[in-house]
>>> print(open('run_39.json').read())   # JSON, C-alpha atoms
[["chain", "number", "residue", "atom", "x", "y", "z"],
["O", 364, "MET", "CA", 13.67, 8.67, -17.42],
["O", 365, "ASP", "CA", 11.06, 6.16, -18.54],
["O", 366, "ASP", "CA", 10.35, 3.32, -16.09],
["O", 367, "SER", "CA", 11.20, 0.64, -18.66],
["O", 368, "LYS", "CA", 14.65, 2.20, -19.07],
["O", 369, "ILE", "CA", 15.15, 2.23, -15.29],
["O", 370, "VAL", "CA", 14.17, -1.44, -15.10],
["O", 371, "GLU", "CA", 16.58, -2.18, -17.95],
["O", 372, "LEU", "CA", 19.38, -0.54, -15.93],
["O", 373, "TYR", "CA", 18.59, -2.95, -13.09],
["O", 374, "VAL", "CA", 18.61, -5.89, -15.49],
["O", 375, "GLN", "CA", 22.00, -4.75, -16.81],
["O", 376, "ARG", "CA", 23.19, -4.41, -13.16],
["O", 377, "LYS", "CA", 24.12, -0.74, -13.63],
["O", 378, "GLU", "CA", 24.29, 1.24, -10.39],
["O", 379, "GLU", "CA", 22.78, 4.20, -12.23],
["O", 380, "ALA", "CA", 19.44, 2.38, -11.73],
["O", 381, "LEU", "CA", 19.53, 3.28, -8.03],
["O", 382, "SER", "CA", 20.11, 6.99, -8.59],
["O", 383, "LYS", "CA", 17.45, 7.13, -11.31],
["O", 384, "THR", "CA", 15.00, 5.35, -9.00],
["O", 385, "GLU", "CA", 15.73, 7.79, -6.19],
["O", 386, "GLU", "CA", 15.45, 10.76, -8.54],
["O", 387, "LYS", "CA", 12.08, 9.70, -9.92],
["O", 388, "TYR", "CA", 10.47, 7.92, -6.96],
["O", 389, "GLY", "CA", 12.34, 9.02, -3.83],
["O", 390, "LYS", "CA", 9.59, 11.40, -2.66],
["O", 391, "TYR", "CA", 6.90, 8.82, -3.41],
["O", 392, "CYS", "CA", 8.70, 6.14, -1.39],
["O", 393, "HIS", "CA", 9.22, 8.58, 1.51],
["O", 394, "TYR", "CA", 5.51, 9.41, 1.44],
["O", 395, "VAL", "CA", 4.55, 5.73, 1.60],
["O", 396, "ALA", "CA", 7.02, 4.96, 4.41],
["O", 397, "ASN", "CA", 6.33, 8.06, 6.47],
["O", 398, "ASN", "CA", 2.55, 7.53, 6.43],
["O", 399, "ILE", "CA", 3.18, 4.26, 8.22],
["O", 400, "LEU", "CA", 6.15, 5.13, 10.40],
["O", 401, "ASN", "CA", 5.69, 8.83, 11.19],
["O", 402, "SER", "CA", 9.46, 9.08, 11.59],
["O", 403, "HIS", "CA", 11.79, 10.77, 9.12],
["O", 404, "GLU", "CA", 14.76, 8.66, 10.22],
["O", 405, "ASP", "CA", 12.91, 5.34, 10.02],
["O", 406, "SER", "CA", 11.39, 6.34, 6.70],
["O", 407, "GLU", "CA", 14.80, 7.26, 5.30],
["O", 408, "GLU", "CA", 16.20, 3.88, 6.33],
["O", 409, "CYS", "CA", 13.17, 2.11, 4.90],
["O", 410, "VAL", "CA", 13.54, 3.91, 1.54],
["O", 411, "ASN", "CA", 17.23, 3.02, 1.38],
["O", 412, "ASP", "CA", 16.28, -0.60, 2.07],
["O", 413, "THR", "CA", 13.72, -0.33, -0.74],
["O", 414, "TYR", "CA", 16.47, 0.50, -3.21],
["O", 415, "LEU", "CA", 18.54, -2.45, -2.01],
["O", 416, "ARG", "CA", 15.57, -4.83, -2.10],
["O", 417, "THR", "CA", 14.71, -3.59, -5.61],
["O", 418, "TRP", "CA", 18.31, -4.18, -6.71],
["O", 419, "HIS", "CA", 18.08, -7.79, -5.54],
["O", 420, "ALA", "CA", 14.59, -8.34, -6.96],
["O", 421, "ILE", "CA", 15.31, -7.16, -10.54],
["O", 422, "PRO", "CA", 16.20, -9.57, -12.08],
["O", 423, "PRO", "CA", 14.71, -12.17, -11.75],
["O", 424, "SER", "CA", 11.48, -10.16, -11.45],
["O", 425, "ILE", "CA", 10.71, -7.75, -14.26],
["O", 426, "PRO", "CA", 7.89, -5.51, -13.03],
["O", 427, "GLU", "CA", 5.27, -4.28, -15.47],
["O", 428, "ASN", "CA", 4.44, -1.32, -13.23],
["O", 429, "PHE", "CA", 7.68, -0.13, -11.63],
["O", 430, "LYS", "CA", 6.05, 2.51, -9.42],
["O", 431, "ALA", "CA", 3.65, -0.04, -7.92],
["O", 432, "PHE", "CA", 6.51, -2.51, -7.56],
["O", 433, "ILE", "CA", 8.71, -0.19, -5.47],
["O", 434, "GLY", "CA", 5.67, 1.19, -3.65],
["O", 435, "LYS", "CA", 4.78, -2.31, -2.51],
["O", 436, "ILE", "CA", 8.37, -3.00, -1.44],
["O", 437, "THR", "CA", 8.46, 0.27, 0.52],
["O", 438, "ARG", "CA", 5.09, -0.39, 2.14],
["O", 439, "ASN", "CA", 6.02, -3.93, 3.17],
["O", 440, "LEU", "CA", 9.35, -2.80, 4.60],
["O", 441, "ALA", "CA", 7.67, 0.05, 6.48],
["O", 442, "LEU", "CA", 5.07, -2.31, 7.93],
["O", 443, "ASP", "CA", 7.88, -4.63, 9.07],
["O", 444, "VAL", "CA", 9.64, -1.70, 10.79],
["O", 445, "TYR", "CA", 6.33, -0.61, 12.29],
["O", 446, "ASP", "CA", 5.72, -4.10, 13.70],
["O", 447, "LYS", "CA", 9.24, -4.20, 15.14],
["O", 448, "ASN", "CA", 8.95, -0.73, 16.68],
["O", 449, "HIS", "CA", 5.51, -1.39, 18.15],
["O", 450, "ALA", "CA", 5.83, -4.96, 19.29],
["O", 451, "HIS", "CA", 4.88, -4.02, 22.85],
["O", 452, "LYS", "CA", 2.87, -0.89, 22.29],
["O", 453, "ARG", "CA", -0.10, 0.13, 20.22],
["O", 454, "ASN", "CA", -0.24, 2.93, 17.62],
["O", 455, "ASP", "CA", -3.89, 3.87, 17.64],
["O", 456, "ALA", "CA", -3.87, 5.52, 14.19],
["O", 457, "ILE", "CA", -2.49, 2.52, 12.30],
["O", 458, "GLU", "CA", -4.39, -0.01, 14.42],
["O", 459, "LEU", "CA", -7.63, 1.88, 13.73],
["O", 460, "ILE", "CA", -7.11, 1.52, 9.98],
["O", 461, "PHE", "CA", -6.52, -2.23, 10.30],
["O", 462, "ASP", "CA", -9.51, -2.54, 12.64],
["O", 463, "GLU", "CA", -11.71, -0.85, 10.02],
["O", 464, "LEU", "CA", -10.84, -3.53, 7.49],
["O", 465, "ALA", "CA", -10.91, -6.35, 10.04],
["O", 466, "GLU", "CA", -14.68, -5.90, 10.16],
["O", 467, "ILE", "CA", -14.71, -7.14, 6.55],
["O", 468, "ILE", "CA", -11.68, -9.39, 6.13],
["O", 469, "SER", "CA", -10.76, -12.06, 8.65],
["O", 470, "ASP", "CA", -7.23, -13.36, 9.24],
["O", 471, "ASP", "CA", -7.11, -16.97, 8.12],
["O", 472, "SER", "CA", -3.94, -19.02, 8.41],
["O", 473, "SER", "CA", -5.37, -22.22, 6.93],
["O", 474, "ASP", "CA", -3.96, -24.19, 4.00],
["O", 475, "THR", "CA", -6.48, -22.57, 1.68],
["O", 476, "ALA", "CA", -5.23, -19.08, 2.54],
["O", 477, "LEU", "CA", -3.22, -18.69, -0.68],
["O", 478, "VAL", "CA", -6.21, -19.50, -2.88],
["O", 479, "GLU", "CA", -8.35, -17.16, -0.82],
["O", 480, "ASP", "CA", -5.69, -14.43, -1.07],
["O", 481, "ILE", "CA", -5.76, -14.67, -4.86],
["O", 482, "ALA", "CA", -9.55, -14.55, -4.89],
["O", 483, "LEU", "CA", -9.50, -11.59, -2.50],
["O", 484, "LYS", "CA", -6.98, -9.77, -4.69],
["O", 485, "THR", "CA", -9.13, -10.34, -7.76],
["O", 486, "ALA", "CA", -12.25, -9.19, -5.90],
["O", 487, "LEU", "CA", -10.46, -6.10, -4.59],
["O", 488, "ASN", "CA", -9.28, -5.16, -8.08],
["O", 489, "SER", "CA", -12.78, -5.53, -9.51],
["O", 490, "PHE", "CA", -14.20, -3.54, -6.59],
["O", 491, "LEU", "CA", -11.72, -0.72, -7.15],
["O", 492, "ALA", "CA", -12.45, -0.73, -10.88],
["O", 493, "SER", "CA", -16.15, -0.26, -10.12],
["O", 494, "LEU", "CA", -15.55, 2.94, -8.13],
["O", 495, "ASP", "CA", -15.35, 6.44, -9.51],
["O", 496, "LYS", "CA", -11.95, 8.11, -9.33],
["O", 497, "THR", "CA", -12.64, 10.09, -6.14],
["O", 498, "LYS", "CA", -13.93, 7.12, -4.15],
["O", 499, "ARG", "CA", -11.13, 4.88, -5.41],
["O", 500, "THR", "CA", -8.59, 7.53, -4.40],
["O", 501, "ILE", "CA", -10.07, 7.88, -0.91],
["O", 502, "PHE", "CA", -10.16, 4.09, -0.43],
["O", 503, "LEU", "CA", -6.53, 3.69, -1.53],
["O", 504, "GLN", "CA", -5.31, 6.67, 0.47],
["O", 505, "ARG", "CA", -6.78, 5.14, 3.62],
["O", 506, "TYR", "CA", -6.14, 1.44, 3.15],
["O", 507, "TRP", "CA", -3.03, 1.33, 0.96],
["O", 508, "TYR", "CA", -1.16, 4.49, 1.92],
["O", 509, "LEU", "CA", -2.58, 4.46, 5.48],
["O", 510, "SER", "CA", -3.28, 8.19, 5.36],
["O", 511, "SER", "CA", -5.15, 9.85, 8.19],
["O", 512, "VAL", "CA", -8.73, 11.03, 7.71],
["O", 513, "LYS", "CA", -7.50, 14.60, 8.10],
["O", 514, "ASP", "CA", -4.89, 14.20, 5.33],
["O", 515, "ILE", "CA", -7.43, 12.56, 3.02],
["O", 516, "ALA", "CA", -9.89, 15.39, 3.65],
["O", 517, "GLU", "CA", -7.27, 18.04, 2.89],
["O", 518, "LYS", "CA", -6.01, 16.32, -0.28],
["O", 519, "ASN", "CA", -9.50, 15.77, -1.63],
["O", 520, "ARG", "CA", -10.92, 19.09, -0.43],
["O", 521, "ILE", "CA", -13.78, 17.56, 1.51],
["O", 522, "SER", "CA", -14.68, 17.57, 5.19],
["O", 523, "GLU", "CA", -13.31, 15.00, 7.60],
["O", 524, "ASN", "CA", -16.87, 13.88, 8.27],
["O", 525, "GLY", "CA", -17.36, 13.47, 4.52],
["O", 526, "VAL", "CA", -14.30, 11.22, 4.40],
["O", 527, "LYS", "CA", -15.54, 9.15, 7.34],
["O", 528, "VAL", "CA", -18.97, 8.69, 5.79],
["O", 529, "THR", "CA", -17.46, 7.82, 2.40],
["O", 530, "LEU", "CA", -15.13, 5.26, 3.98],
["O", 531, "MET", "CA", -17.97, 3.70, 5.95],
["O", 532, "ARG", "CA", -20.08, 3.38, 2.80],
["O", 533, "LEU", "CA", -17.12, 2.01, 0.84],
["O", 534, "ARG", "CA", -16.45, -0.64, 3.50],
["O", 535, "THR", "CA", -20.11, -1.67, 3.40],
["O", 536, "LYS", "CA", -20.04, -1.77, -0.40],
["O", 537, "PHE", "CA", -16.77, -3.73, -0.35],
["O", 538, "LYS", "CA", -18.22, -6.26, 2.09],
["O", 539, "LYS", "CA", -21.25, -6.77, -0.15],
["O", 540, "HIS", "CA", -18.95, -7.09, -3.16],
["O", 541, "LEU", "CA", -16.89, -9.78, -1.40],
["O", 542, "GLU", "CA", -20.02, -11.68, -0.42],
["O", 543, "LYS", "CA", -21.28, -11.49, -4.01],
["O", 544, "GLU", "CA", -17.92, -12.88, -5.21],
["O", 545, "GLY", "CA", -18.24, -15.76, -2.75],
["O", 546, "ILE", "CA", -15.32, -14.65, -0.55],
["O", 547, "LYS", "CA", -15.62, -16.06, 3.00],
["O", 548, "LEU", "CA", -15.64, -13.36, 5.63]]
>>> encode(input="run_39.json", output="structure tokens")
Amino acid sequence: MDDSKIVELYVQRKEEALSKTEEKYGKYCHYVANNILNSHEDSEECVNDTYLRTWHAIPPSIPENFKAFIGKITRNLALDVYDKNHAHKRNDAIELIFDELAEIISDDSSDTALVEDIALKTALNSFLASLDKTKRTIFLQRYWYLSSVKDIAEKNRISENGVKVTLMRLRTKFKKHLEKEGIKL
């Protein structure tokens, strides 16, 4: 079923929207959640929560890109579960990914954070648009889907070292791009 028709089912408050969402995007949502949580049970719960959160979000929101919309909901829920599950312990794989980006992007809680977030989002989108498909895919697999270097290497049919080098170069390029856009680091 076309995404616009699924969204229309949500707008009309028809429960069929949930089953159509699960049918079309269930595996995708599980992939997103499990990359973060590494637990089938937690991922299953997170995906079910995604459907509920989507039900409550549409309307009033009417997403232009439904897949990205539910992917973001799933990712945010999974990160919340991750934080809760690891409040007193450290998951080296996920922390390493965040540490990689922390070299570029600082955590700022000031009043200007919202404006800076919008500028960062715009800069990130323009950076991603400047990359070829392979590099964009690798960047998103690592920093959006939180995939391991090994998984990225297998999916893209390149060596793990090749992935590491590509990611290092992309982080450097991203940092230069942010500086060029006037984003404070």
>>> residues_around(input="run_39.json", residues="O:Leu494", least_positions_apart="4", cutoff="12 Å", atoms="all atoms listed in the file", output="count of residues only")
16
>>> atom_distance(input="run_39.json", atom1="atom CA of O:Lys513", atom2="atom CA of O:Ser493")
25.1 Å
>>> axis_aligned_box(input="run_39.json", around="stretch 396-402 of chain O", padding_each_side="6 Å", output="JSON")
{"center_x": 6.0, "center_y": 6.7, "center_z": 8.0, "size_x": 18.9, "size_y": 16.8, "size_z": 19.2}
>>> atom_distance(input="run_39.json", atom1="atom CA of O:Leu440", atom2="atom CA of O:Ala380")
19.9 Å
>>> residues_around(input="run_39.json", residues="stretch 425-432 of chain O", least_positions_apart="2", cutoff="8 Å", atoms="all atoms listed in the file", output="PyMOL selection string")
chain O and resi 366-367+370+388+421-423+434-436
>>> closest_residue(input="run_39.json", among="O:His403, O:Lys484, O:Arg505, O:Arg534", to="O:Ile546", atoms="all atoms listed in the file")
O:Lys484
>>> residues_near_point(input="run_39.json", point="(12.0, 7.6, 7.2)", cutoff="10 Å", atoms="only C-alpha atoms", output="number ranges by chain")
O: 392-411, 441
>>> atom_distance(input="run_39.json", atom1="atom CA of O:Lys377", atom2="atom CA of O:Trp418")
9.7 Å
>>> closest_residue(input="run_39.json", among="O:Ile515, O:Glu523, O:Leu541, O:Gly389", to="O:Leu491", atoms="all atoms listed in the file")
O:Leu541
>>> closest_residue(input="run_39.json", among="O:Gly545, O:Tyr391, O:Leu415, O:Ala482", to="O:Tyr373", atoms="only C-alpha atoms")
O:Leu415
>>> closest_residue(input="run_39.json", among="O:Gln504, O:Ser424, O:Asp446, O:Lys387", to="O:Lys518", atoms="only C-alpha atoms")
O:Gln504
